[in-house]
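Asks: Got a structure for you, written out below as structure tokens; questions coming shortly.
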Amino acid sequence: FRAAAEQGDAGGQFRLGYMYYTGEGVPADDVEAVRWVRAAGGQGDAGGQFSLGYMYDTGEGVPENDVEAVRWYRAAAEQGNAGAQFSLGYMYDTGEGVPENDVEAVRWYRAAAEQGDAGGQFSLGYMYYTGEGVPENYVSAYAWLNLAAAQGVEGAREAKEDLSQRMTNEQVALAQKLSIVLLDKINPDG
């Protein structure tokens with residue numbers, strides 16, 4: 001990976017940066033990790049952009065900077081990176097690095113959720129549950145929470161159970177059917 005990275009290959013740069021971040025095959029070094037993921041991200045590599053956003057978000061290898069985190073998350077999210085889409089949704093949801101905007105949070109949570117991202121599914125379900133950024137819709141909320149619960153997201157099962165107490169049996173049945181439809185869209189090949 002080092003040879004590829006040093007020749008300017010974005011994939012090699014991202015992988016080498018990741019190895020420095022995790023300490024896989026080299027001593028863990030956040031500064032070197034940032035160096036290589038920045039090189040990859042600067043060439044448009046979505047994984048590098050997401051990783052750099054995460055590093056700015058958490059202050060690993062760079063000073064914590066929510067505005068920079070949003071910038072890099074957005075670059076990766078616009079390329080379809082589900083992790084970046086979820087993270088950008090969270091930034092809008094909490095108002096970190098951007099003004100709080102529930103509609104934008106829902107937009108990015110949905111993009112991540114529709115790719116199977118469990119955090120996006122949980123957050124989108126919760127937004128439907130509370131009516132933040134979207135009209136309150138218990139059927140949609142239950143369906144998304146159900147998918148998140150199936151992936152083991154902490155709190156999703158409890159939120160789904162709480163929600164079901166507010167729903168009719170017909171709404172729960174409809175939500176379970178919607179879960180299957182959504183899962184088929186996310187994973188069309190089974």
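Ordering of the structure tokens sets the chain letters (A, B, ...); residue numbers start at 1 within each chain; ligands are numbered from 1 in the order shown.
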Near A:Glu154, counting only C-alpha atoms, which residues have an atom at most 12 Å away, once you skip same-chain residues fewer than 6 positions from it, shown as number ranges by chain?

Replies: A: 118-119, 122-123, 145-146, 148, 160

Asks: Given the selection you just returned, output its residues as a file containing C-alpha atoms, formatted as an mmCIF file, in the first residue's frame.

Replies:
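Written out: part_18.cif:
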```cif
data_model
loop_
_atom_site.group_PDB
_atom_site.id
_atom_site.type_symbol
_atom_site.label_atom_id
_atom_site.label_comp_id
_atom_site.auth_asym_id
_atom_site.auth_seq_id
_atom_site.Cartn_x
_atom_site.Cartn_y
_atom_site.Cartn_z
ATOM 1 C CA ALA A 118 -28.325 0.768 10.801
ATOM 2 C CA GLY A 119 -27.674 4.122 12.475
ATOM 3 C CA PHE A 122 -32.658 4.094 13.705
ATOM 4 C CA SER A 123 -32.342 7.870 13.413
ATOM 5 C CA LEU A 145 -36.879 1.031 13.810
ATOM 6 C CA ASN A 146 -37.672 -2.597 13.029
ATOM 7 C CA ALA A 148 -32.444 -1.059 12.884
ATOM 8 C CA LYS A 160 -40.142 -0.013 18.578
#
```

Asks: Among the residues of stretch 60-186 of chain A, find those DSSP assigns to helix (DSSP H, G or I) from the backbone and print them as an MDAnalysis selection string.

Replies: chainID A and resid 66:77 82:94 102:113 118:130 138:150 156:164 169:186

Asks: Kindly provide the residues of stretch 37-78 of chain A that approach stretch 26-29 of chain A to within 12 Å, each paired with its closest atom pair and their distance in Å to one decimal, based on only C-alpha atoms, listed by chain and increasing number, as CSV.

Replies:
```
residue,atom,partner,partner_atom,distance
A:Glu60,CA,A:Asp29,CA,9.8
A:Gly61,CA,A:Asp29,CA,8.0
A:Val62,CA,A:Asp29,CA,11.6
```

Asks: Could you turn the residues from that selection into a file that holds N, CA, C and O atoms, as a PDB file, in the first residue's frame?

Replies:
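Dumped to part14.pdb:
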```
ATOM      1  N   GLU A  60      -9.056  13.283  16.407  1.00  0.00           N
ATOM      2  CA  GLU A  60      -7.983  12.288  16.353  1.00  0.00           C
ATOM      3  C   GLU A  60      -6.997  12.664  15.246  1.00  0.00           C
ATOM      4  O   GLU A  60      -7.338  12.658  14.077  1.00  0.00           O
ATOM      5  N   GLY A  61      -5.775  13.031  15.651  1.00  0.00           N
ATOM      6  CA  GLY A  61      -4.731  13.380  14.696  1.00  0.00           C
ATOM      7  C   GLY A  61      -4.792  14.814  14.213  1.00  0.00           C
ATOM      8  O   GLY A  61      -3.862  15.292  13.571  1.00  0.00           O
ATOM      9  N   VAL A  62      -5.886  15.485  14.502  1.00  0.00           N
ATOM     10  CA  VAL A  62      -6.080  16.896  14.136  1.00  0.00           C
ATOM     11  C   VAL A  62      -6.876  17.547  15.267  1.00  0.00           C
ATOM     12  O   VAL A  62      -7.570  16.855  16.013  1.00  0.00           O
TER      13      VAL A  62
END
```

Asks: Rank nothing, just name the residue among A:Leu52, A:Val134, A:Leu183, A:Met167 nearest to A:Gln121, using only C-alpha atoms.

Replies: A:Leu183

Asks: List the spatial neighbours of stretch 135-138 of chain A as a PyMOL selection string - criterion: any atom at most 8 Å away, only C-alpha atoms, same-chain residues fewer than 5 positions off excluded.

Replies: chain A and resi 127-130+163+167+171

Asks: Output the selection as a PDB file, in the first residue's frame - N, CA and C atoms for each residue.

Replies:
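As written to disk, part-v9.pdb reads:
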```
ATOM      1  N   MET A 127     -36.960  10.036  13.922  1.00  0.00           N
ATOM      2  CA  MET A 127     -37.479  11.308  13.395  1.00  0.00           C
ATOM      3  C   MET A 127     -38.954  11.159  13.006  1.00  0.00           C
ATOM      4  N   TYR A 128     -39.309  10.035  12.395  1.00  0.00           N
ATOM      5  CA  TYR A 128     -40.721   9.784  12.093  1.00  0.00           C
ATOM      6  C   TYR A 128     -41.536   9.638  13.381  1.00  0.00           C
ATOM      7  N   TYR A 129     -40.961   9.025  14.376  1.00  0.00           N
ATOM      8  CA  TYR A 129     -41.630   8.811  15.660  1.00  0.00           C
ATOM      9  C   TYR A 129     -41.970  10.154  16.320  1.00  0.00           C
ATOM     10  N   THR A 130     -41.010  11.067  16.319  1.00  0.00           N
ATOM     11  CA  THR A 130     -41.180  12.348  17.007  1.00  0.00           C
ATOM     12  C   THR A 130     -41.731  13.450  16.109  1.00  0.00           C
ATOM     13  N   LEU A 163     -43.257   2.370  20.791  1.00  0.00           N
ATOM     14  CA  LEU A 163     -44.089   2.881  19.702  1.00  0.00           C
ATOM     15  C   LEU A 163     -45.293   1.972  19.452  1.00  0.00           C
ATOM     16  N   MET A 167     -49.841   2.300  18.789  1.00  0.00           N
ATOM     17  CA  MET A 167     -50.367   1.946  17.471  1.00  0.00           C
ATOM     18  C   MET A 167     -51.488   0.914  17.595  1.00  0.00           C
ATOM     19  N   GLN A 171     -52.023  -0.978  12.317  1.00  0.00           N
ATOM     20  CA  GLN A 171     -50.844  -0.164  12.010  1.00  0.00           C
ATOM     21  C   GLN A 171     -49.559  -0.977  12.171  1.00  0.00           C
TER      22      GLN A 171
END
```

Asks: When distances are computed from only C-alpha atoms, which of A:Glu158, A:Ala4, A:Trp144, A:Ala69 shows the smallest separation from A:Ile180?

Replies: A:Trp144

Asks: Name all residues at most 8 Å from A:Gly11 (count only C-alpha atoms; drop same-chain ones fewer than 3 positions away) and give them as a PyMOL selection string.

Replies: chain A and resi 5+14-15+40+45

Asks: Please produce a file of those selected residues containing C-alpha atoms, as a compact mmCIF listing (two decimals), in the first residue's frame.

Replies:
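So selection-v7.txt came out as:
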```txt
# COMPACT_ATOMS: atom_id res chain seq x y z
CA ALA A 5 0.29 5.60 -1.88
CA PHE A 14 -6.64 5.61 2.00
CA ARG A 15 -5.65 2.06 2.93
CA ALA A 40 -6.78 10.29 -0.60
CA ASP A 45 -11.69 9.24 -2.50
```

Asks: Would you mind telling me which residue in A:Thr58, A:Ser51, A:Gln151, A:Thr168 lies nearest to A:Asp117 when using only C-alpha atoms?

Replies: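 So, comparing all the options, the nearest one is A:Gln151.
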
Asks: How many Å lie between atom CA of A:Gly41 and atom CA of A:Gly120, rounded to one decimal?

Replies: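 These atoms are spaced 22.9 Å apart.
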
Asks: For the atom pair atom CA of A:Val31 and atom CA of A:Pro63, what is the interatomic distance in Å to one decimal place?

Replies: 11.0 Å

Asks: Considering only C-alpha atoms, can you say which of A:Met19, A:Met55, A:Ala149, A:Ala143 comes closest to A:Leu182?

Replies: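 Comparing A:Met19, A:Met55, A:Ala149, A:Ala143 against A:Leu182, the winner is A:Ala143.
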
Asks: Taking only C-alpha atoms into account, name the residue in A:Glu64, A:Asp189, A:Asp9, A:Asp93 that is nearest to A:Ala105.

Replies: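 Nearest candidate to A:Ala105 out of A:Glu64, A:Asp189, A:Asp9, A:Asp93: A:Asp93.
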
Asks: Which residues are close to A:Ile186, i.e. within 9 Å by only C-alpha atoms, leaving aside same-chain residues fewer than 6 positions away? Reply as a PyMOL selection string.

Replies: chain A and resi 113-116

Asks: To one decimal in Å, tell me the separation between atom CA of A:Arg107 and atom CA of A:Ser87.

Replies: 11.8 Å

Asks: Taking into account only C-alpha atoms, which residue in the set A:Gly152, A:Arg166, A:Ala111, A:Asn101 is nearest to A:Glu78?

Replies: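 For A:Glu78, the nearest of the candidates is A:Ala111.
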